Structure formats: C-alpha cells, structure tokens
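S.K.: Quick one: this structure, given as structure tokens, is what I'll be asking you about.
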Amino acid sequence: MKAAVVVFPASNCDRDVAMALERANGRPPAMVWHGDASLPDGLDLIVLPGGFSYGDYLRCGAMAAHSPIVRDVIARAKKGTPVLGICNGFQILCETGLLPGVLMRNASLKFVSRSVTMTVEGANTMFTARYKPGQKIKLPVAHGDGNYFADDETLDRIESEGLVALRYVEGCNPNGAARNIAGIFNGKRTILGLMPHPERAAEALLGGVDGAVIFDSLAGALP
Amino acid sequence: MTIATLTHAIEHGLSEDEWKHVLQVLNRAPNLTELGIFSVMWSEHCSYKSSRVHLRKLPTTAPWVIQGPGENAGVIDIGDGDAIIFKMESHNHPSFIEPYQGAATGVGGIMRDVFTMGARPIAMLNALRFGEPSHPKTRHLVAGVVAGIGGYGNCMGVPTVGGEVNFHRAYNGNILVNAMCVGLAKTNKIFLSAAKGAGNPVVYVGSKTGRDGIHGATMASAEFDDASDEKRPTVQVGDPFTEKLLLEACLELMATDAIIGIQDMGAAGLTSSSCEMADKGGSGLELNLDKVPCREKGMTPYEMMLSESQERMLMVLKPGREAEAEKIFRKWELDFAIIGITTDTKRLVLNFKGETVADIPVAALADEAPLYERPWTEPERPKALAELPEPTSISEALARLVASPDLASRRWVWEQYDSTVMADTVQKPGGDAAIVRIHRTNKAVAMTCDVTPRYVQADPYLGGVQAVAENWRNLTAVGALPLAITDNLNFGNPQRPEIMGQFVLAVRGIGDACRALDFPVVSGNVSLYNETNGQGILPTPAIGGVGLLLDVTKHASIAFKAAGETIVVIGETKGHMGQSSYVREIHGREDGTPPPVDLKAERRNGEFVRGFITSGRVSTVHDVSDGGLAVAIAEMAMASGIGASVAAPATVSRAGFWFGEDQARYVLSATAAEAEQICAQAKQAGIAAFVLGTTHGEALKIDGEDAFPVARLRQGHEEWLPKLMAGA
C-alpha cells in the first residue's frame, strides 16, 4: 500500500497516523505539505490527519478545504483513490463536500477527551473488513467539534444506504452527534471520515488495539 | 525623550533606594524607556530579588543533570543520547483577572521555555488552586482556566497528562495556575540562551509585537486589591496556532547548526530576552527598533520593549546563515526580522528613528539587579491535635471523604485535555503519576505534581520536605526511578517577615528532602505577592517531578487487577491525624501538626516497592497520601470496580488507622503467594509490611462493617465536581 498523509499547518496527529500506517503496512507513508500543488503519483490511500489545521480559524476544516493540496485530494478522491479523514480530517472532508453533513461544536460546548464504546456498522469495506459486523470497539475521542449534523433527509439516506461506519453506543455519545454517528462512508465506500482516533488505539500498551484493525484492513485491501 | 523622575519610578513599582541605584548605574537620570526596562528587569518576577539568596542553597547537581537552574528550563540525561528538558511556571495573576487567556498563555509560555532549548514538548501537567467551591468566582475561574489550558495545549498537540486541583478559601482572591512542560531532546542538541560573540545577527521570529501585556511582569510582582480586574489590559492574548508553527519552525532550524543562542520572549518580552542573552553571553546587544515587526502603527520604543505579546523568540545566528533561517520561518508563515547585532560593549543599546533611545550596561539589569536578604520570622507551630471521637462508621466517613472537594474525581477537568495525542501516553490522568513513552523506544518518563499546602501552612519546613517526598513516592509507585524536580514556589508578600519565614523554611525543607532522595532541583519559578487585600494564600511550593522507566512494560497502576489478590501495606501506620483530610472534612478543623517525614524510611520503602514493579512481580501499587489508607483502598477499588475485604489490627485507633496520613507508605496487591514473599522480604529488610485483606466482589467491607458498594462510592466521587460546575 502506497499511502500519503497530508500535513496542514497545525495538523498534530500526522506523526501518530504515520506510525500506525507504518506498523500495519511495513513502510512509512509519504508526508505531503499543504502548500504543495499535487500528491505523489500512484497513491493507494490519502490520509487527512487530526489536528487544528489553520488554527481552526473561521470554522474547523473550512480553510484546509480550500488549500492547494486539497484540490488534488478532491480530484483523486473523485477518481476513486481511497481517503481516510480522522477528526480534523473528517471535518475537512465534510467542508469539501466529499462527505455529507457538518461537524458542529460539541453539545456540551466543551472539548471532550475520553475512550468511547462504539459499534462497527459497516463492516464490509476496505476500511473495516477485519471487524466483525456489529462488533463493539473502544476508541479514544479528543475534539471540540464532533457533533455530526445533517438534515433528516440526508440522515435517512445515509442510514438506508448503509453508510454509517461507526455509531456511538447509546449513552456513550460524547458530543451530541445526530443518531450517534461517529463515522460515515461516501456512497462508494472509498472515503471514511470519523471523529475517534484509531491511530491512538493501535497498541495494547496504550490501552487497546481496536483502532489498529482499520489500518490492518487497509493494508490487506490495498496491497 | 522624557527624562524620568522619582515619581515615575514609584509608579513603575521601584522603591526609592532602587531609583537611587538606577541613577548611580547610569550616572544620569534614565529616560522613560530606560526606566521601563529597569522596572521590569528589577521586578520580583524577573530578578528573583527576594528569593535568590535562598534558592542558591538548593541542591542542583547529580551525575544525570545536564543543565540546572539558570537557563530556560532544566535538562537531565535519560541515557541513549536522550535528554528530558522540563520546567514548571506560574501564571497566577493573569489567570485570576482573565482565566481563559491567563491559563492559555501560561501553557504557551512554559512550552516555549522548553522548546527554545531544542526539545519537542511531550507532556504537560498543571497544578491548580482555587478558592472555596461556594465562592461566587470559583466556578467562573475553574471553567475558564481549564478551558484555557485545554484550548492551548490541545491545539499544540501535546498531551496534558496530569496535575492536581485543590480548593481552599485562602485562594479566594488569588488562584494559582502552575503549568509544567516536559520535552524530549538529544543530549548533543541542546540550545542555550547565551548571545556569544560580536557582530552576529540578532533575529526576531514569531508573531508581531502588539500593545498587549505591557507591564505583565510588574503586575505579577504586586499584590491584588479590589480594583485588580481593571488590570485586564495587561493580560496577554495567546494564539496556539502561531505557537505550533513556531515550534515546528524552531525545531526545523535547530536541526541545522545555524543558531548560536536562542531565548523565548516571555515575561518582560524583548527586554528580558535581550538582556538575558547578552548577560549570559558576556556580550552587548545593539538593536534597531525600527525593524521590530509590529502589529500596530506608531508603537513607541517603550511599548515595544515592554510588550508581552506571545509566540515570539529572539535568536543569535552564525553570520551568513540568515537566509537559510529566514526560508524556514517564511515556510511556516512567521515573521522573521534581523533587528540588531551582538557587540563587545556589554551594553544594551536601542536605536529608533536615528536616535539612541536607551543605553544601559547589561550587568546592571541582570546579574547586578538588587538582591534582598529580607527579614523573616519563624511561624508559630500549631499544637498537636487533641484526641478525636471514634467514628461510628468508617465506610460512611470514607464515602464523605472521597466526595469532598479535595478528594473528589477530577475527571471533569482532565476530560477537557487531550491526554492521548502523540500516541505515547501509557498512563493517563487519574493515577499516582502519568507515564509517557519515549517515542520509538521501550523507555518512558513518569511525571507528577505535588504539594500539600495545608501541611506547609502548619509547618513550612516539614511541608517542604513532604512535598518532595510525596512527589518521589508517586513516581516510585508507578515503577519509575525519580530523577529531578522543578519547583514552583507560590507565596504571599515577602516583605512581611512571617511570609518570608514560610518561604525560607519551605525552601530549606525542599533542599533537605532533595539531598536525602538524590532528587535535585533543575529548574523553577518563584511567584510572590500572591495576596489580595493583605490576605495571603496558603504557602504553596508546587513540586514537579520526573522519573525514568527503563522498561515501560513493567509499570504499576492503582486499579486492582483481579479478585482474590492479597492487599499488602508497606510502611508503618501510626495513625497520624494532625492536618489530615479526615479532620478537615469530618470534623471541620484544620488542626494539629502535619505528619513527620522520615526520609530514610521513605527511601528504603520506596526502593523496596520499586524493585517489585521493575522486576515485573507487582503491577498494582498506590501511594498513601491525602485521606490515608481508606482513601487509597477506595481509589484502587473505584479505578477497577473490584471490591475488597479489609481489616485494621487493634494496635491504633480505627480512625487513625484508616484515615491517618503517615508518610512513606504504599498499598500493593498481588497473588497470595507473591504477597507472602513480599512480606517475608520486607521482614528481612526491616520494613514494616502487613496484609490488610483481599480483593473480591464489588463492595468494600471494612472491619466487618456492612458492605459498601464500590459503585456508590464512585457515584459520590464522580458527581461532586460536575455538580459544582453545573451550579447544582
């Protein structure tokens, strides 16, 4: 798998996700600077990491969605290159329109950092192939704006097409997200955006390996 | 240029004697810019004029200490070419006036102190003290400070992994916000602040200079009164986004060999950074203030020199390396300006619009700043505690204690801090010490902040000893070898002899404990004048300690791991109740003498316990501190959901046994066979050890009392702070 991680000013999970990819894939991903005009050729996976791109100014992800490199991310995504957006990366994907909906301030109006139990709803994808359908997993969240929102029509469509990837277990929703949504796919299931941080749950020593499964699934699906 | 007078000097916080000293140094009257420079450099905050003579007595060396106090932060060697750089610093006064920005810029400032030396910050901790929970300002201050710490640290992508929070009426008018940053560097890539040589370019990088924070250092050196809220314009405003860029840009430049010296612009901004760099380098500096990047038009030299705008650095580069450095800072979209050169005159010379606006010998501002040996008195010692009635139910008293302001869960606080970013956090907040792995290795550092202010108030010397001992014990309890500390000494007005007495004795206690435990002080910060309307805070010398785990897979945590294990107490339980949490919460009194600390026993017991952790024989350990054995057991149960059956021997009073705060104690749990061996080995080593009971079920059974469900204990423990913050 040839992967690239896009680094925006104030991305701060770029190194963490690079480590998780390296662990699953045996080699480190390319790190691509936000000011570059294009991504390397022949990529199997593009990762938009967590952080506070452009200081979260204006709106989380809004400025990154208009950065030079993201034009190429959008073009490649539309041609079918898989994209994984984690936390701020998910916010950016929503801002670009590659994924529907938006991420609003947490309902508590406070930053939330904790381990959350969620259900894997969409298990037959390149991102989730190695989970059992309906498997309960624990992943850390750490965000101030993870409150997923879309209009009812959109939410109904996402649900009916089976595009909810991860759903917080009832009572564990950390941010007020509509229908407990923690992560969603695009229609072709080539793009995954999620608020929790699988890259921080990729080692038993750090409290769990439930997140490593996403990277193992990708490494298996995109040789 | 206006020539300054004595009236100006007094307005700037200088005394009449200090004004005379200025006249003598310059051999003329200063202008207002020069007076401003003297006033901040000679402020308590920058000059440590009341504290320096005492701080010199602290032990600061050990074979593993690379850099002790005097630089931006302390540096210790953790082997394999790795160094840990750390320091704790206060931002008390700004945080009281504007809690979000005050706390946020406190975090930003201490991070700069660490990365200016070449380290990537890998962990943050903070020690917070607020007024009584019912005080009308407390909720506003807690909410603002916690959001500010999170807002800055989370954006920086550095995990906030530990700290402590206390509530006490003595902080009603003067909260304490102490932030500690721990960074990782290579031992051969440590950057110091000395501006060596003549003719080298002096470079300004980071944010532009604005009018914010002018006179922050002077404010931090004065008492508060009811009009203190009007000082809000002196509080700086932070921008963690710029700081994150500054961090990455500095580390990128540091990977080259272009830098001679580098120093962050913290308190007293451009003034203190330029003076300190020149002083340490034995050089002079000539700055052209027309070149300073400014946020607003028309800024005067006075404003530029005294601004405390955040996210700025001053560097001296090797000549010819400017273009290479500029390219890096431009890539990160930061300001980069060559604002002067180093000279051999040992003077700070400032030019502006073709005129010399200041010309001051550097030594007068730095090393030769005033130094006071302030008079001090021994505080009155409290009487020993009179005998207390026995409680009717230990379990009920315990439930009240774990739900009391100082012992209730801090989850509401630390869930607002990103504690897992960087993906190396092995032990999150809630244990005895946080553990963060050294990236791509099997080593880790353990970190904790500790002090028990009520002990220091009752007996400053003993309180100082205890703060260090507890810190050492907390690091030991996770399996780390304690290496060094940073101290953040928060006290009242040093011009009052009884306050100075607290300071002198507490520092003496810290020094003695550090010597006995081979635990030197490598950095620190002094915050005096923590008073409002003449009411001082509890003396609060917060200790931040760092320890090393050579094999991170062998560490301990407080949660019981399994039912059916044997619980063992290491260390002697005498039932010392003076100044205990129990006496305060259950009897409503802060009475008696604090528990004595036997540093030899502390060391012996700690080394004994650590050996079991590092050999992988024990992984459940908790130190015994506030609330005594009962609270320690309750915390181990609440962290796991596993209950226990425990019983006191009949040797001391029940209340004293369960809630006394005798020092040098640990609670362990292990298999029955392992526990038997531990007790046998303890006996051989002359260490007190006894079996307290076993883990089982989901309730605590104490001395045969009715079983008390762990879930009920936890409910009270978890509920208190969220309820307070919701105004319920």
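In the structure tokens, each chain is lettered A, B, ... as it comes, each chain's residues begin at 1, and ligands are numbered from 1 in order of appearance.
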If you run DSSP over the backbone, which residues in region 596-728 of chain B end up strand (DSSP E or B)? Put them as a ChimeraX atom specification.

M.R.: /B:620-623,644-646,666-670,689-695,699-702,708-709

S.K.: For chain B, list the residues within 9 Å of chain A, counting only C-alpha atoms, and write the list as JSON, numbers by chain.

M.R.: {"B": [147, 150, 151, 154, 155, 156, 157, 158, 239, 240, 241, 242, 244, 245, 332, 414, 415, 416, 417, 418, 419, 420, 421, 422, 423, 424, 425, 426, 427, 552, 553]}

S.K.: Which polymer residues have any atom within 9 Å of an atom of region 61-67 of chain A, counting only C-alpha atoms, with same-chain residues fewer than 6 positions away left out, as a PyMOL selection string?

M.R.: chain A and resi 8+34-35+52-54+88-96

S.K.: For those residues, write C-alpha atoms to a file as a compact mmCIF listing (two decimals), in the first residue's frame.

M.R.:
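Written output follows (selection_6.txt):
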# COMPACT_ATOMS: atom_id res chain seq x y z
CA PHE A 8 -1.50 21.18 7.25
CA HIS A 34 -0.31 21.55 2.41
CA GLY A 35 1.30 24.12 0.14
CA PHE A 52 -6.19 22.10 14.23
CA SER A 53 -5.44 22.88 10.58
CA TYR A 54 -5.04 26.63 10.13
CA ASN A 88 -9.97 17.28 11.78
CA GLY A 89 -9.63 15.22 8.60
CA PHE A 90 -13.33 14.26 8.88
CA GLN A 91 -14.20 17.93 9.36
CA ILE A 92 -12.20 18.80 6.23
CA LEU A 93 -13.93 16.06 4.20
CA CYS A 94 -17.33 17.46 5.19
CA GLU A 95 -16.19 21.01 4.30
CA THR A 96 -15.09 19.85 0.84

S.K.: Report the residues of region 8-217 of chain A whose backbone DSSP state falls under alpha helix (DSSP H), written as a ChimeraX atom specification.

M.R.: /A:14-25,68-78,88-96,152-160,212-217

S.K.: Skipping near chain neighbours, those fewer than 3 positions away, what residues fall within 9 Å of Gly101 (chain A) using only C-alpha atoms, listed as JSON, numbers by chain?

M.R.: {"A": [94, 95, 97, 148, 149, 150, 151, 154, 155]}

S.K.: Could those selected residues go to a file with N, CA and C atoms, as a CSV table (one decimal), in the first residue's frame?

M.R.:
chain,number,residue,atom,x,y,z
A,94,CYS,N,-16.0,16.9,5.2
A,94,CYS,CA,-17.3,17.5,5.2
A,94,CYS,C,-17.3,18.9,4.5
A,95,GLU,N,-16.3,19.7,4.9
A,95,GLU,CA,-16.2,21.0,4.3
A,95,GLU,C,-16.0,21.0,2.8
A,97,GLY,N,-17.3,18.8,0.9
A,97,GLY,CA,-18.5,18.2,0.2
A,97,GLY,C,-18.2,16.7,-0.2
A,148,TYR,N,-21.9,15.6,14.9
A,148,TYR,CA,-22.3,15.4,13.5
A,148,TYR,C,-23.7,15.8,13.3
A,149,PHE,N,-23.9,16.6,12.2
A,149,PHE,CA,-25.3,17.1,11.9
A,149,PHE,C,-25.5,17.0,10.4
A,150,ALA,N,-26.7,16.6,10.0
A,150,ALA,CA,-27.2,16.8,8.6
A,150,ALA,C,-28.7,16.8,8.7
A,151,ASP,N,-29.3,17.3,7.6
A,151,ASP,CA,-30.8,17.3,7.7
A,151,ASP,C,-31.4,15.9,7.7
A,154,THR,N,-31.0,13.8,4.6
A,154,THR,CA,-29.7,13.2,4.4
A,154,THR,C,-29.4,12.1,5.3
A,155,LEU,N,-29.8,12.3,6.6
A,155,LEU,CA,-29.5,11.2,7.6
A,155,LEU,C,-30.3,10.0,7.2

S.K.: Leaving out Ala178 (chain A) and any residue of its chain fewer than 4 positions from it, which residues lie within 12 Å of it when counting only C-alpha atoms, given as a list of chain:residue names?

M.R.: A:Gly101, A:Val102, A:Leu103, A:Met104, A:Asn106, A:Ala107, A:Gly146, A:Asn147, A:Tyr148, A:Phe149, A:Ala150, A:Asp151, A:Asp152, A:Thr154, A:Leu155, A:Asp156, A:Ile158, A:Glu159, A:Val164, A:Arg167, A:Tyr168, A:Glu170, A:Asn173, A:Pro174, A:Ala182, A:Gly183, A:Ile184

S.K.: Find the residues near region 70-84 of chain A: any atom within 10 Å, counting only C-alpha atoms, skip ones fewer than 2 places away on the same chain, and give them as an MDAnalysis selection string.

M.R.: chainID A and resid 3:6 34:39 42:49 64:68 86 89:90 92:93 96:98 126:127 185:186 188:194 214 218 222

S.K.: Quick one: write out the picked residues with N, CA and C atoms as a short mmCIF file (atom, residue, chain, number, x, y, z; two decimals), in the first residue's frame?

M.R.:
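The resulting file, out.cif, is shown below:
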data_model
loop_
_atom_site.label_atom_id
_atom_site.label_comp_id
_atom_site.auth_asym_id
_atom_site.auth_seq_id
_atom_site.Cartn_x
_atom_site.Cartn_y
_atom_site.Cartn_z
N ALA A 3 0.79 4.97 0.74
CA ALA A 3 -0.09 5.92 1.42
C ALA A 3 0.59 7.28 1.54
N ALA A 4 -0.23 8.33 1.62
CA ALA A 4 0.30 9.67 1.88
C ALA A 4 -0.52 10.33 2.98
N VAL A 5 0.17 11.05 3.86
CA VAL A 5 -0.50 11.80 4.92
C VAL A 5 -0.30 13.28 4.60
N VAL A 6 -1.40 14.03 4.51
CA VAL A 6 -1.30 15.46 4.22
C VAL A 6 -1.05 16.22 5.53
N HIS A 34 0.94 20.95 2.88
CA HIS A 34 -0.31 21.55 2.41
C HIS A 34 -0.11 22.53 1.25
N GLY A 35 1.08 23.12 1.18
CA GLY A 35 1.30 24.12 0.14
C GLY A 35 1.65 23.51 -1.21
N ASP A 36 1.93 22.19 -1.22
CA ASP A 36 2.28 21.53 -2.48
C ASP A 36 1.06 21.51 -3.41
N ALA A 37 1.34 21.53 -4.71
CA ALA A 37 0.23 21.58 -5.67
C ALA A 37 -0.38 20.22 -5.91
N SER A 38 0.44 19.14 -5.77
CA SER A 38 -0.15 17.84 -6.06
C SER A 38 0.42 16.75 -5.16
N LEU A 39 -0.33 15.68 -5.08
CA LEU A 39 0.08 14.50 -4.32
C LEU A 39 1.01 13.65 -5.17
N GLY A 42 0.36 7.54 -8.13
CA GLY A 42 0.16 6.13 -7.81
C GLY A 42 -0.21 5.84 -6.37
N LEU A 43 -0.91 6.76 -5.72
CA LEU A 43 -1.28 6.54 -4.31
C LEU A 43 -2.43 5.56 -4.19
N ASP A 44 -2.34 4.70 -3.14
CA ASP A 44 -3.45 3.80 -2.83
C ASP A 44 -4.34 4.37 -1.74
N LEU A 45 -3.78 5.32 -0.96
CA LEU A 45 -4.55 5.85 0.17
C LEU A 45 -4.06 7.26 0.51
N ILE A 46 -5.03 8.15 0.72
CA ILE A 46 -4.71 9.51 1.19
C ILE A 46 -5.30 9.65 2.60
N VAL A 47 -4.47 10.15 3.53
CA VAL A 47 -4.96 10.33 4.90
C VAL A 47 -4.95 11.81 5.26
N LEU A 48 -6.08 12.30 5.75
CA LEU A 48 -6.14 13.66 6.31
C LEU A 48 -6.16 13.49 7.82
N PRO A 49 -5.08 13.92 8.50
CA PRO A 49 -4.93 13.60 9.92
C PRO A 49 -5.69 14.58 10.83
N ALA A 64 -8.71 24.56 5.41
CA ALA A 64 -7.98 23.44 4.80
C ALA A 64 -8.68 22.96 3.54
N ALA A 65 -10.02 23.00 3.54
CA ALA A 65 -10.78 22.54 2.38
C ALA A 65 -10.45 23.35 1.13
N HIS A 66 -9.88 24.53 1.33
CA HIS A 66 -9.54 25.38 0.18
C HIS A 66 -8.03 25.50 -0.03
N SER A 67 -7.25 24.67 0.65
CA SER A 67 -5.79 24.76 0.50
C SER A 67 -5.37 24.13 -0.83
N PRO A 68 -4.19 24.49 -1.37
CA PRO A 68 -3.75 23.98 -2.68
C PRO A 68 -3.81 22.46 -2.78
N ILE A 86 -9.50 11.60 9.68
CA ILE A 86 -9.68 11.35 11.11
C ILE A 86 -9.82 12.69 11.84
N GLY A 89 -9.54 15.71 9.97
CA GLY A 89 -9.63 15.22 8.60
C GLY A 89 -11.08 14.97 8.19
N PHE A 90 -11.89 14.46 9.11
CA PHE A 90 -13.33 14.26 8.88
C PHE A 90 -14.00 15.62 8.66
N ILE A 92 -12.63 18.29 7.55
CA ILE A 92 -12.20 18.80 6.23
C ILE A 92 -13.00 18.12 5.12
N LEU A 93 -13.18 16.79 5.23
CA LEU A 93 -13.93 16.06 4.20
C LEU A 93 -15.37 16.57 4.10
N THR A 96 -15.31 19.93 2.29
CA THR A 96 -15.09 19.85 0.84
C THR A 96 -16.34 19.33 0.13
N GLY A 97 -17.28 18.76 0.86
CA GLY A 97 -18.45 18.16 0.24
C GLY A 97 -18.22 16.72 -0.19
N LEU A 98 -17.02 16.18 0.04
CA LEU A 98 -16.80 14.76 -0.29
C LEU A 98 -17.63 13.85 0.60
N MET A 126 -13.16 -1.69 2.65
CA MET A 126 -11.69 -1.79 2.73
C MET A 126 -11.18 -1.27 4.08
N PHE A 127 -11.96 -0.36 4.72
CA PHE A 127 -11.52 0.22 5.99
C PHE A 127 -11.83 -0.69 7.18
N PHE A 185 -19.21 6.72 5.59
CA PHE A 185 -18.59 6.49 4.28
C PHE A 185 -19.26 7.39 3.24
N ASN A 186 -18.57 7.57 2.10
CA ASN A 186 -19.25 8.11 0.92
C ASN A 186 -20.04 6.96 0.25
N LYS A 188 -19.63 5.28 -2.43
CA LYS A 188 -18.85 4.15 -2.97
C LYS A 188 -18.02 3.44 -1.91
N ARG A 189 -18.09 3.94 -0.70
CA ARG A 189 -17.31 3.39 0.42
C ARG A 189 -15.80 3.43 0.16
N THR A 190 -15.39 4.47 -0.55
CA THR A 190 -13.95 4.67 -0.77
C THR A 190 -13.43 5.78 0.13
N ILE A 191 -14.33 6.47 0.81
CA ILE A 191 -13.93 7.54 1.72
C ILE A 191 -14.54 7.25 3.09
N LEU A 192 -13.70 7.34 4.13
CA LEU A 192 -14.20 7.20 5.50
C LEU A 192 -13.79 8.44 6.29
N GLY A 193 -14.78 9.09 6.92
CA GLY A 193 -14.49 10.17 7.86
C GLY A 193 -14.98 9.74 9.23
N LEU A 194 -14.14 9.92 10.26
CA LEU A 194 -14.55 9.52 11.61
C LEU A 194 -13.96 10.45 12.66
N ILE A 214 -8.40 -0.99 11.62
CA ILE A 214 -8.65 -0.17 10.43
C ILE A 214 -7.41 -0.16 9.52
N LEU A 218 -6.94 -1.88 5.80
CA LEU A 218 -6.48 -1.14 4.62
C LEU A 218 -5.25 -1.80 4.01
N LEU A 222 -5.41 -3.04 0.22
CA LEU A 222 -4.70 -2.21 -0.76
C LEU A 222 -3.24 -2.62 -0.81
#

S.K.: At what distance in Å, to one decimal, does CA of Asp626 (chain B) lie from CA of Asp432 (chain B)?

M.R.: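 According to the coordinates, CA of Asp432 (chain B) and CA of Asp626 (chain B) are separated by 12.1 Å.
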